[in-house]
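Shown here: query-v1.txt, compact mmCIF, N, CA and C atoms.
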# COMPACT_ATOMS: atom_id res chain seq x y z
N MET A 187 12.41 49.19 37.45
CA MET A 187 11.09 48.94 37.99
C MET A 187 10.03 49.70 37.20
N SER A 188 10.31 50.94 36.86
CA SER A 188 9.36 51.77 36.14
C SER A 188 9.11 51.22 34.74
N LYS A 189 10.16 50.74 34.05
CA LYS A 189 9.99 50.17 32.72
C LYS A 189 9.16 48.89 32.79
N TYR A 190 9.40 48.09 33.81
CA TYR A 190 8.65 46.85 33.99
C TYR A 190 7.17 47.16 34.22
N PHE A 191 6.89 48.13 35.06
CA PHE A 191 5.51 48.54 35.36
C PHE A 191 4.81 49.01 34.09
N HIS A 192 5.47 49.82 33.28
CA HIS A 192 4.87 50.33 32.05
C HIS A 192 4.61 49.20 31.05
N PHE A 193 5.53 48.26 30.98
CA PHE A 193 5.34 47.12 30.09
C PHE A 193 4.13 46.30 30.51
N VAL A 194 4.00 46.01 31.79
CA VAL A 194 2.87 45.24 32.30
C VAL A 194 1.56 45.99 32.06
N LEU A 195 1.57 47.28 32.30
CA LEU A 195 0.38 48.10 32.09
C LEU A 195 -0.04 48.09 30.62
N LEU A 196 0.92 48.25 29.72
CA LEU A 196 0.61 48.21 28.29
C LEU A 196 0.08 46.85 27.86
N PHE A 197 0.65 45.79 28.40
CA PHE A 197 0.20 44.44 28.07
C PHE A 197 -1.25 44.24 28.53
N ILE A 198 -1.56 44.64 29.73
CA ILE A 198 -2.92 44.49 30.27
C ILE A 198 -3.91 45.29 29.42
N LEU A 199 -3.55 46.51 29.06
CA LEU A 199 -4.43 47.33 28.23
C LEU A 199 -4.64 46.71 26.86
N ALA A 200 -3.59 46.16 26.27
CA ALA A 200 -3.70 45.56 24.95
C ALA A 200 -4.62 44.35 24.98
N VAL A 201 -4.50 43.53 25.99
CA VAL A 201 -5.34 42.34 26.12
C VAL A 201 -6.77 42.73 26.43
N ALA A 202 -6.97 43.67 27.34
CA ALA A 202 -8.31 44.07 27.76
C ALA A 202 -9.07 44.79 26.66
N CYS A 203 -8.39 45.43 25.75
CA CYS A 203 -9.05 46.22 24.71
C CYS A 203 -9.19 45.48 23.38
N ASN A 204 -8.87 44.21 23.34
CA ASN A 204 -8.99 43.45 22.10
C ASN A 204 -10.46 43.24 21.77
N PRO A 205 -10.98 43.90 20.71
CA PRO A 205 -12.40 43.80 20.41
C PRO A 205 -12.79 42.56 19.62
N SER A 206 -11.83 41.76 19.16
CA SER A 206 -12.17 40.65 18.29
C SER A 206 -12.48 39.35 19.01
N ILE A 207 -12.16 39.23 20.28
CA ILE A 207 -12.43 38.00 21.02
C ILE A 207 -12.99 38.37 22.39
N GLU A 208 -14.10 37.75 22.73
CA GLU A 208 -14.70 37.97 24.05
C GLU A 208 -13.97 37.14 25.09
N GLU A 209 -14.32 37.34 26.34
CA GLU A 209 -13.73 36.59 27.44
C GLU A 209 -13.92 35.08 27.24
N SER A 210 -15.02 34.70 26.62
CA SER A 210 -15.31 33.28 26.39
C SER A 210 -14.40 32.66 25.35
N GLY A 211 -13.72 33.48 24.55
CA GLY A 211 -12.87 32.96 23.49
C GLY A 211 -13.57 32.85 22.15
N VAL A 212 -14.87 33.09 22.12
CA VAL A 212 -15.61 33.05 20.86
C VAL A 212 -15.34 34.35 20.11
N PRO A 213 -14.84 34.25 18.87
CA PRO A 213 -14.53 35.47 18.12
C PRO A 213 -15.77 36.32 17.85
N ASN A 214 -15.56 37.62 17.78
CA ASN A 214 -16.63 38.53 17.37
C ASN A 214 -16.59 38.63 15.85
N VAL A 215 -17.71 38.39 15.23
CA VAL A 215 -17.84 38.55 13.79
C VAL A 215 -19.11 39.35 13.53
N ALA A 216 -19.13 40.03 12.40
CA ALA A 216 -20.32 40.82 12.04
C ALA A 216 -21.49 39.89 11.76
N VAL A 217 -22.64 40.22 12.34
CA VAL A 217 -23.85 39.42 12.12
C VAL A 217 -24.97 40.34 11.66
N GLU A 218 -25.51 40.05 10.50
CA GLU A 218 -26.67 40.76 9.95
C GLU A 218 -27.49 39.73 9.19
N VAL A 219 -28.45 39.12 9.87
CA VAL A 219 -29.26 38.07 9.28
C VAL A 219 -30.71 38.54 9.25
N GLU A 220 -31.37 38.28 8.15
CA GLU A 220 -32.78 38.64 7.99
C GLU A 220 -33.57 37.37 7.72
N ILE A 221 -34.64 37.15 8.50
CA ILE A 221 -35.46 35.95 8.36
C ILE A 221 -36.90 36.36 8.11
N ASN A 222 -37.47 35.89 7.01
CA ASN A 222 -38.87 36.12 6.71
C ASN A 222 -39.67 35.00 7.37
N LEU A 223 -40.48 35.36 8.36
CA LEU A 223 -41.23 34.35 9.11
C LEU A 223 -42.32 33.69 8.28
N ASN A 224 -42.67 34.27 7.13
CA ASN A 224 -43.67 33.67 6.26
C ASN A 224 -43.08 32.67 5.28
N ASP A 225 -41.75 32.60 5.20
CA ASP A 225 -41.09 31.65 4.32
C ASP A 225 -41.30 30.24 4.88
N ILE A 226 -41.67 29.31 4.04
CA ILE A 226 -41.95 27.94 4.47
C ILE A 226 -40.76 27.29 5.19
N ASP A 227 -39.54 27.68 4.82
CA ASP A 227 -38.35 27.12 5.47
C ASP A 227 -38.21 27.58 6.93
N ASN A 228 -38.93 28.62 7.30
CA ASN A 228 -38.81 29.18 8.65
C ASN A 228 -40.06 28.94 9.50
N ILE A 229 -40.89 28.00 9.09
CA ILE A 229 -42.17 27.76 9.75
C ILE A 229 -42.01 27.37 11.23
N ALA A 230 -40.88 26.75 11.57
CA ALA A 230 -40.65 26.34 12.97
C ALA A 230 -40.69 27.54 13.92
N LEU A 231 -40.37 28.72 13.41
CA LEU A 231 -40.35 29.91 14.26
C LEU A 231 -41.74 30.52 14.47
N LYS A 232 -42.75 29.97 13.84
CA LYS A 232 -44.12 30.46 14.03
C LYS A 232 -44.66 30.03 15.40
N GLN A 233 -44.23 28.87 15.89
CA GLN A 233 -44.72 28.35 17.17
C GLN A 233 -43.82 28.79 18.31
N ILE A 234 -44.43 29.17 19.43
CA ILE A 234 -43.64 29.48 20.63
C ILE A 234 -42.91 28.21 21.05
N GLY A 235 -41.62 28.33 21.31
CA GLY A 235 -40.78 27.19 21.64
C GLY A 235 -40.07 26.62 20.42
N GLY A 236 -40.49 27.04 19.23
CA GLY A 236 -39.87 26.55 18.00
C GLY A 236 -38.48 27.16 17.82
N PHE A 237 -37.62 26.47 17.13
CA PHE A 237 -36.26 26.97 16.90
C PHE A 237 -35.82 26.63 15.49
N LEU A 238 -34.78 27.32 15.07
CA LEU A 238 -34.24 27.16 13.72
C LEU A 238 -32.74 27.42 13.76
N TYR A 239 -31.98 26.65 13.00
CA TYR A 239 -30.55 26.92 12.83
C TYR A 239 -30.40 27.75 11.56
N VAL A 240 -29.67 28.85 11.64
CA VAL A 240 -29.42 29.67 10.46
C VAL A 240 -27.93 29.92 10.31
N GLN A 241 -27.52 30.23 9.09
CA GLN A 241 -26.12 30.55 8.84
C GLN A 241 -25.84 31.95 9.37
N GLY A 242 -24.60 32.14 9.80
CA GLY A 242 -24.17 33.43 10.32
C GLY A 242 -23.35 33.20 11.57
N GLY A 243 -22.78 34.25 12.10
CA GLY A 243 -21.94 34.12 13.28
C GLY A 243 -20.69 33.34 12.98
N VAL A 244 -20.18 32.65 13.98
CA VAL A 244 -18.95 31.87 13.83
C VAL A 244 -19.25 30.46 13.34
N ARG A 245 -20.14 29.76 14.02
CA ARG A 245 -20.49 28.37 13.68
C ARG A 245 -21.98 28.21 13.36
N GLY A 246 -22.67 29.33 13.18
CA GLY A 246 -24.11 29.28 12.94
C GLY A 246 -24.84 29.91 14.12
N ILE A 247 -26.14 30.05 13.98
CA ILE A 247 -26.95 30.71 14.99
C ILE A 247 -28.19 29.86 15.27
N ILE A 248 -28.55 29.76 16.55
CA ILE A 248 -29.81 29.16 16.95
C ILE A 248 -30.79 30.31 17.18
N VAL A 249 -31.92 30.28 16.49
CA VAL A 249 -32.97 31.27 16.70
C VAL A 249 -34.14 30.54 17.35
N ARG A 250 -34.64 31.11 18.45
CA ARG A 250 -35.72 30.46 19.20
C ARG A 250 -36.85 31.44 19.44
N HIS A 251 -38.09 30.97 19.26
CA HIS A 251 -39.28 31.77 19.54
C HIS A 251 -39.62 31.59 21.01
N GLU A 252 -39.33 32.60 21.82
CA GLU A 252 -39.50 32.54 23.28
C GLU A 252 -40.96 32.70 23.70
N SER A 253 -41.59 33.78 23.30
CA SER A 253 -42.96 34.08 23.68
C SER A 253 -43.58 34.94 22.58
N GLN A 254 -44.80 35.41 22.80
CA GLN A 254 -45.59 36.09 21.78
C GLN A 254 -44.77 36.81 20.70
N ASN A 255 -44.09 37.88 21.05
CA ASN A 255 -43.28 38.63 20.08
C ASN A 255 -41.81 38.67 20.47
N LEU A 256 -41.36 37.68 21.21
CA LEU A 256 -39.99 37.65 21.69
C LEU A 256 -39.23 36.47 21.07
N TYR A 257 -38.13 36.81 20.41
CA TYR A 257 -37.25 35.81 19.81
C TYR A 257 -35.86 35.99 20.40
N LYS A 258 -35.11 34.91 20.52
CA LYS A 258 -33.73 34.94 21.02
C LYS A 258 -32.83 34.30 19.97
N ALA A 259 -31.58 34.76 19.92
CA ALA A 259 -30.61 34.21 18.97
C ALA A 259 -29.28 34.00 19.68
N TYR A 260 -28.73 32.80 19.55
CA TYR A 260 -27.47 32.45 20.21
C TYR A 260 -26.48 31.87 19.21
N GLU A 261 -25.22 32.18 19.42
CA GLU A 261 -24.13 31.62 18.65
C GLU A 261 -24.07 30.12 18.91
N ARG A 262 -23.83 29.34 17.86
CA ARG A 262 -23.71 27.88 18.01
C ARG A 262 -22.30 27.45 18.43
N ASN A 263 -21.35 28.36 18.45
CA ASN A 263 -19.99 28.05 18.86
C ASN A 263 -19.96 27.85 20.37
N CYS A 264 -19.65 26.65 20.82
CA CYS A 264 -19.57 26.37 22.25
C CYS A 264 -18.47 27.22 22.87
N THR A 265 -18.68 27.64 24.12
CA THR A 265 -17.71 28.50 24.79
C THR A 265 -16.58 27.72 25.44
N PHE A 266 -16.66 26.39 25.42
CA PHE A 266 -15.54 25.58 25.89
C PHE A 266 -14.71 25.20 24.68
N GLN A 267 -13.46 25.63 24.67
CA GLN A 267 -12.54 25.39 23.55
C GLN A 267 -13.19 25.80 22.22
N PRO A 268 -13.57 27.08 22.09
CA PRO A 268 -14.29 27.54 20.90
C PRO A 268 -13.51 27.44 19.59
N ALA A 269 -12.18 27.31 19.66
CA ALA A 269 -11.39 27.18 18.43
C ALA A 269 -11.51 25.78 17.83
N ASP A 270 -11.97 24.81 18.62
CA ASP A 270 -12.15 23.44 18.14
C ASP A 270 -13.30 23.42 17.13
N PHE A 271 -13.08 22.89 15.95
CA PHE A 271 -14.10 22.89 14.90
C PHE A 271 -15.34 22.08 15.28
N SER A 272 -15.21 21.18 16.24
CA SER A 272 -16.38 20.40 16.65
C SER A 272 -17.15 21.07 17.79
N ALA A 273 -16.74 22.26 18.19
CA ALA A 273 -17.39 22.98 19.30
C ALA A 273 -18.67 23.66 18.82
N ILE A 274 -19.66 22.83 18.51
CA ILE A 274 -20.93 23.34 17.98
C ILE A 274 -22.07 22.83 18.85
N VAL A 275 -22.91 23.76 19.29
CA VAL A 275 -24.04 23.37 20.13
C VAL A 275 -25.30 23.18 19.28
N GLU A 276 -26.21 22.40 19.82
CA GLU A 276 -27.49 22.18 19.18
C GLU A 276 -28.56 22.02 20.25
N VAL A 277 -29.78 22.27 19.88
CA VAL A 277 -30.89 22.08 20.81
C VAL A 277 -31.09 20.58 20.97
N HIS A 278 -31.17 20.11 22.22
CA HIS A 278 -31.40 18.70 22.50
C HIS A 278 -32.74 18.27 21.90
N SER A 279 -32.88 17.01 21.54
CA SER A 279 -34.11 16.52 20.91
C SER A 279 -35.34 16.73 21.78
N SER A 280 -35.16 16.86 23.09
CA SER A 280 -36.30 17.13 23.99
C SER A 280 -36.78 18.57 23.86
N GLY A 281 -35.88 19.45 23.36
CA GLY A 281 -36.21 20.87 23.25
C GLY A 281 -36.07 21.63 24.55
N PHE A 282 -35.56 20.97 25.60
CA PHE A 282 -35.47 21.58 26.92
C PHE A 282 -34.13 22.22 27.24
N TYR A 283 -33.10 21.91 26.46
CA TYR A 283 -31.78 22.48 26.70
C TYR A 283 -30.93 22.40 25.45
N ILE A 284 -29.75 23.03 25.53
CA ILE A 284 -28.80 23.08 24.42
C ILE A 284 -27.57 22.30 24.84
N GLU A 285 -26.96 21.57 23.91
CA GLU A 285 -25.81 20.74 24.26
C GLU A 285 -24.74 20.77 23.18
N ASP A 286 -23.52 20.49 23.62
CA ASP A 286 -22.39 20.28 22.71
C ASP A 286 -21.97 18.83 22.89
N LEU A 287 -22.20 18.03 21.89
CA LEU A 287 -21.92 16.60 22.00
C LEU A 287 -20.43 16.29 22.08
N SER A 288 -19.58 17.20 21.59
CA SER A 288 -18.15 16.91 21.59
C SER A 288 -17.52 17.08 22.97
N CYS A 289 -17.98 18.03 23.77
CA CYS A 289 -17.37 18.23 25.10
C CYS A 289 -18.35 17.96 26.23
N SER A 290 -19.59 17.62 25.90
CA SER A 290 -20.64 17.32 26.88
C SER A 290 -21.11 18.51 27.70
N SER A 291 -20.85 19.73 27.22
CA SER A 291 -21.37 20.91 27.91
C SER A 291 -22.87 21.02 27.61
N THR A 292 -23.61 21.49 28.60
CA THR A 292 -25.03 21.75 28.41
C THR A 292 -25.33 23.18 28.83
N PHE A 293 -26.37 23.74 28.21
CA PHE A 293 -26.77 25.12 28.45
C PHE A 293 -28.29 25.16 28.56
N ASP A 294 -28.80 26.06 29.39
CA ASP A 294 -30.26 26.22 29.42
C ASP A 294 -30.69 26.98 28.17
N LEU A 295 -31.98 27.18 28.00
CA LEU A 295 -32.48 27.82 26.79
C LEU A 295 -32.19 29.32 26.75
N ASN A 296 -31.62 29.85 27.82
CA ASN A 296 -31.16 31.24 27.84
C ASN A 296 -29.66 31.33 27.60
N GLY A 297 -29.03 30.19 27.27
CA GLY A 297 -27.62 30.17 26.92
C GLY A 297 -26.65 30.04 28.07
N PHE A 298 -27.16 29.88 29.31
CA PHE A 298 -26.26 29.77 30.46
C PHE A 298 -25.82 28.34 30.67
N PRO A 299 -24.53 28.12 31.00
CA PRO A 299 -24.03 26.76 31.20
C PRO A 299 -24.68 26.09 32.40
N THR A 300 -25.05 24.82 32.22
CA THR A 300 -25.67 24.05 33.30
C THR A 300 -24.92 22.76 33.61
N GLY A 301 -23.97 22.40 32.77
CA GLY A 301 -23.20 21.18 33.01
C GLY A 301 -22.04 21.09 32.04
N GLY A 302 -21.11 20.20 32.36
CA GLY A 302 -19.94 20.03 31.50
C GLY A 302 -18.88 21.08 31.77
N PRO A 303 -17.87 21.13 30.94
CA PRO A 303 -16.73 22.02 31.21
C PRO A 303 -16.95 23.50 30.85
N ALA A 304 -17.96 23.84 30.06
CA ALA A 304 -18.15 25.24 29.66
C ALA A 304 -18.47 26.10 30.89
N GLU A 305 -17.79 27.24 31.01
CA GLU A 305 -18.00 28.14 32.13
C GLU A 305 -18.70 29.43 31.72
N PHE A 306 -18.69 29.73 30.43
CA PHE A 306 -19.26 30.98 29.94
C PHE A 306 -20.56 30.71 29.19
N PRO A 307 -21.49 31.66 29.23
CA PRO A 307 -22.74 31.48 28.48
C PRO A 307 -22.50 31.60 26.97
N LEU A 308 -23.44 31.11 26.22
CA LEU A 308 -23.38 31.26 24.76
C LEU A 308 -23.51 32.74 24.42
N LYS A 309 -22.87 33.14 23.34
CA LYS A 309 -22.97 34.52 22.89
C LYS A 309 -24.39 34.76 22.38
N GLU A 310 -25.02 35.82 22.87
CA GLU A 310 -26.37 36.16 22.43
C GLU A 310 -26.30 37.32 21.44
N TYR A 311 -27.09 37.22 20.39
CA TYR A 311 -27.18 38.27 19.40
C TYR A 311 -28.47 39.06 19.59
N GLY A 312 -28.46 40.30 19.13
CA GLY A 312 -29.65 41.12 19.18
C GLY A 312 -30.68 40.62 18.18
N VAL A 313 -31.96 40.77 18.53
CA VAL A 313 -33.04 40.36 17.64
C VAL A 313 -34.09 41.46 17.62
N SER A 314 -34.57 41.77 16.44
CA SER A 314 -35.61 42.78 16.27
C SER A 314 -36.67 42.24 15.32
N LEU A 315 -37.92 42.43 15.66
CA LEU A 315 -39.03 41.96 14.84
C LEU A 315 -39.75 43.16 14.24
N ALA A 316 -39.86 43.17 12.91
CA ALA A 316 -40.58 44.23 12.20
C ALA A 316 -41.59 43.55 11.28
N GLY A 317 -42.84 43.49 11.71
CA GLY A 317 -43.85 42.78 10.94
C GLY A 317 -43.54 41.29 10.94
N ASP A 318 -43.32 40.72 9.77
CA ASP A 318 -42.98 39.30 9.66
C ASP A 318 -41.50 39.08 9.35
N ILE A 319 -40.70 40.11 9.53
CA ILE A 319 -39.26 40.00 9.28
C ILE A 319 -38.51 40.07 10.61
N LEU A 320 -37.66 39.08 10.82
CA LEU A 320 -36.84 39.01 12.03
C LEU A 320 -35.41 39.39 11.65
N PHE A 321 -34.85 40.35 12.36
CA PHE A 321 -33.48 40.78 12.12
C PHE A 321 -32.61 40.31 13.27
N ILE A 322 -31.49 39.68 12.94
CA ILE A 322 -30.51 39.24 13.94
C ILE A 322 -29.23 40.02 13.68
N PHE A 323 -28.66 40.57 14.74
CA PHE A 323 -27.52 41.48 14.55
C PHE A 323 -26.66 41.51 15.81
N ASN A 324 -25.50 42.14 15.67
CA ASN A 324 -24.67 42.42 16.85
C ASN A 324 -24.19 43.86 16.77
Rewrite the coordinates I just gave you, this time as structure tokens.
Amino acid sequence: MSKYFHFVLLFILAVACNPSIEESGVPNVAVEVEINLNDIDNIALKQIGGFLYVQGGVRGIIVRHESQNLYKAYERNCTFQPADFSAIVEVHSSGFYIEDLSCSSTFDLNGFPTGGPAEFPLKEYGVSLAGDILFIFN
């Protein structure tokens, strides 16, 4: 009984302490992205409500201009079956929500699931604004 208890305890600790995968199943990867807001390719981020897809993270990152000096960044890897290569979210053409066309999951603009099979929110990255440079990190 004691050996069984120790084995179960070690297994739980090993699973709980795994830093490479979150509860959602989306892998943790290093993110260090720098965006110059004055670059013509990034002009969409000048307007409040504007968004941009950038490389980084697991499947890319959605960067959104929330309000005056507030920007948000979310992983594009859908939290439903994140190992599936088609598990990529995008901002709906209306600009009102985020969707994964492969599994029909939908998320609000804060990354929380609103429909479909996804149960976990999108992974959010840290964002810092210094002058006209936006830093995205984890």
Please identify all polymer residues within 12 Å of Gly281 in chain A, counting only C-alpha atoms, omitting same-chain residues fewer than 5 positions from it, and present them as a count of residues only. 11
Residues within 8 Å of Gln267 in chain A, please, as a list in words. Count all atoms listed in the file; anything in the same chain fewer than 5 positions from it doesn't count.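 The residues satisfying every condition are Ser210, Gly211, Val212, Ser272, Ala273, Pro303, Ala304 and Glu305 of chain A.
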From a DSSP calculation on the backbone, collect every residue of range 197-293 of chain A in strand (DSSP E) and output the set as a PyMOL selection string. chain A and resi 218-222+237-240+247-253+256-261+276-277+284-286+291-293
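Between atom N of Ile248 in chain A and atom C of Gly317 in chain A there is a distance of 19.7 Å.
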A:Asn324, A:Ile319, A:Glu261, A:Phe271: which is nearest Asn224 in chain A, counting only N, CA and C atoms?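 So, comparing all the options, the nearest one is A:Ile319.
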Just want the 8 Å neighbourhood of Leu315 in chain A, counted on all atoms listed in the file, with same-chain residues fewer than 4 positions away dropped. Output as an mmCIF file with N, CA and C atoms, in the frame of the given file.
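around06.cif was written with the following content:
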data_model
loop_
_atom_site.group_PDB
_atom_site.id
_atom_site.type_symbol
_atom_site.label_atom_id
_atom_site.label_comp_id
_atom_site.auth_asym_id
_atom_site.auth_seq_id
_atom_site.Cartn_x
_atom_site.Cartn_y
_atom_site.Cartn_z
ATOM 1 N N ASN A 255 -44.090 37.880 21.050
ATOM 2 C CA ASN A 255 -43.280 38.630 20.080
ATOM 3 C C ASN A 255 -41.810 38.670 20.470
ATOM 4 N N LEU A 256 -41.360 37.680 21.210
ATOM 5 C CA LEU A 256 -39.990 37.650 21.690
ATOM 6 C C LEU A 256 -39.230 36.470 21.070
ATOM 7 N N TYR A 257 -38.130 36.810 20.410
ATOM 8 C CA TYR A 257 -37.250 35.810 19.810
ATOM 9 C C TYR A 257 -35.860 35.990 20.400
ATOM 10 N N ILE A 319 -40.700 40.110 9.530
ATOM 11 C CA ILE A 319 -39.260 40.000 9.280
ATOM 12 C C ILE A 319 -38.510 40.070 10.610
ATOM 13 N N LEU A 320 -37.660 39.080 10.820
ATOM 14 C CA LEU A 320 -36.840 39.010 12.030
ATOM 15 C C LEU A 320 -35.410 39.390 11.650
ATOM 16 N N PHE A 321 -34.850 40.350 12.360
ATOM 17 C CA PHE A 321 -33.480 40.780 12.120
ATOM 18 C C PHE A 321 -32.610 40.310 13.270
ATOM 19 N N ILE A 322 -31.490 39.680 12.940
ATOM 20 C CA ILE A 322 -30.510 39.240 13.940
ATOM 21 C C ILE A 322 -29.230 40.020 13.680
#
Of the candidates A:Leu223, A:Ala230, A:Glu209, A:Ala216, which one gets nearest to Leu308 in chain A if we count only C-alpha atoms?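 The answer is A:Glu209, which sits nearest to Leu308 in chain A.
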Quick one: pull the distance between atom C of Pro213 in chain A and atom C of Cys264 in chain A, Å, one decimal.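 One can read the atom C of Pro213 in chain A to atom C of Cys264 in chain A distance as 10.7 Å.
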Nearest candidate to Ile221 in chain A (options A:Ile284, A:Ser253, A:Asp318, A:Arg245; using all atoms listed in the file):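 Ranked by minimum distance to Ile221 in chain A, first place goes to A:Asp318.
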At what distance in Å, to one decimal, does atom C of Arg262 in chain A lie from atom N of Asp225 in chain A?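 Computed distance, atom N of Asp225 in chain A to atom C of Arg262 in chain A, equals 24.1 Å.
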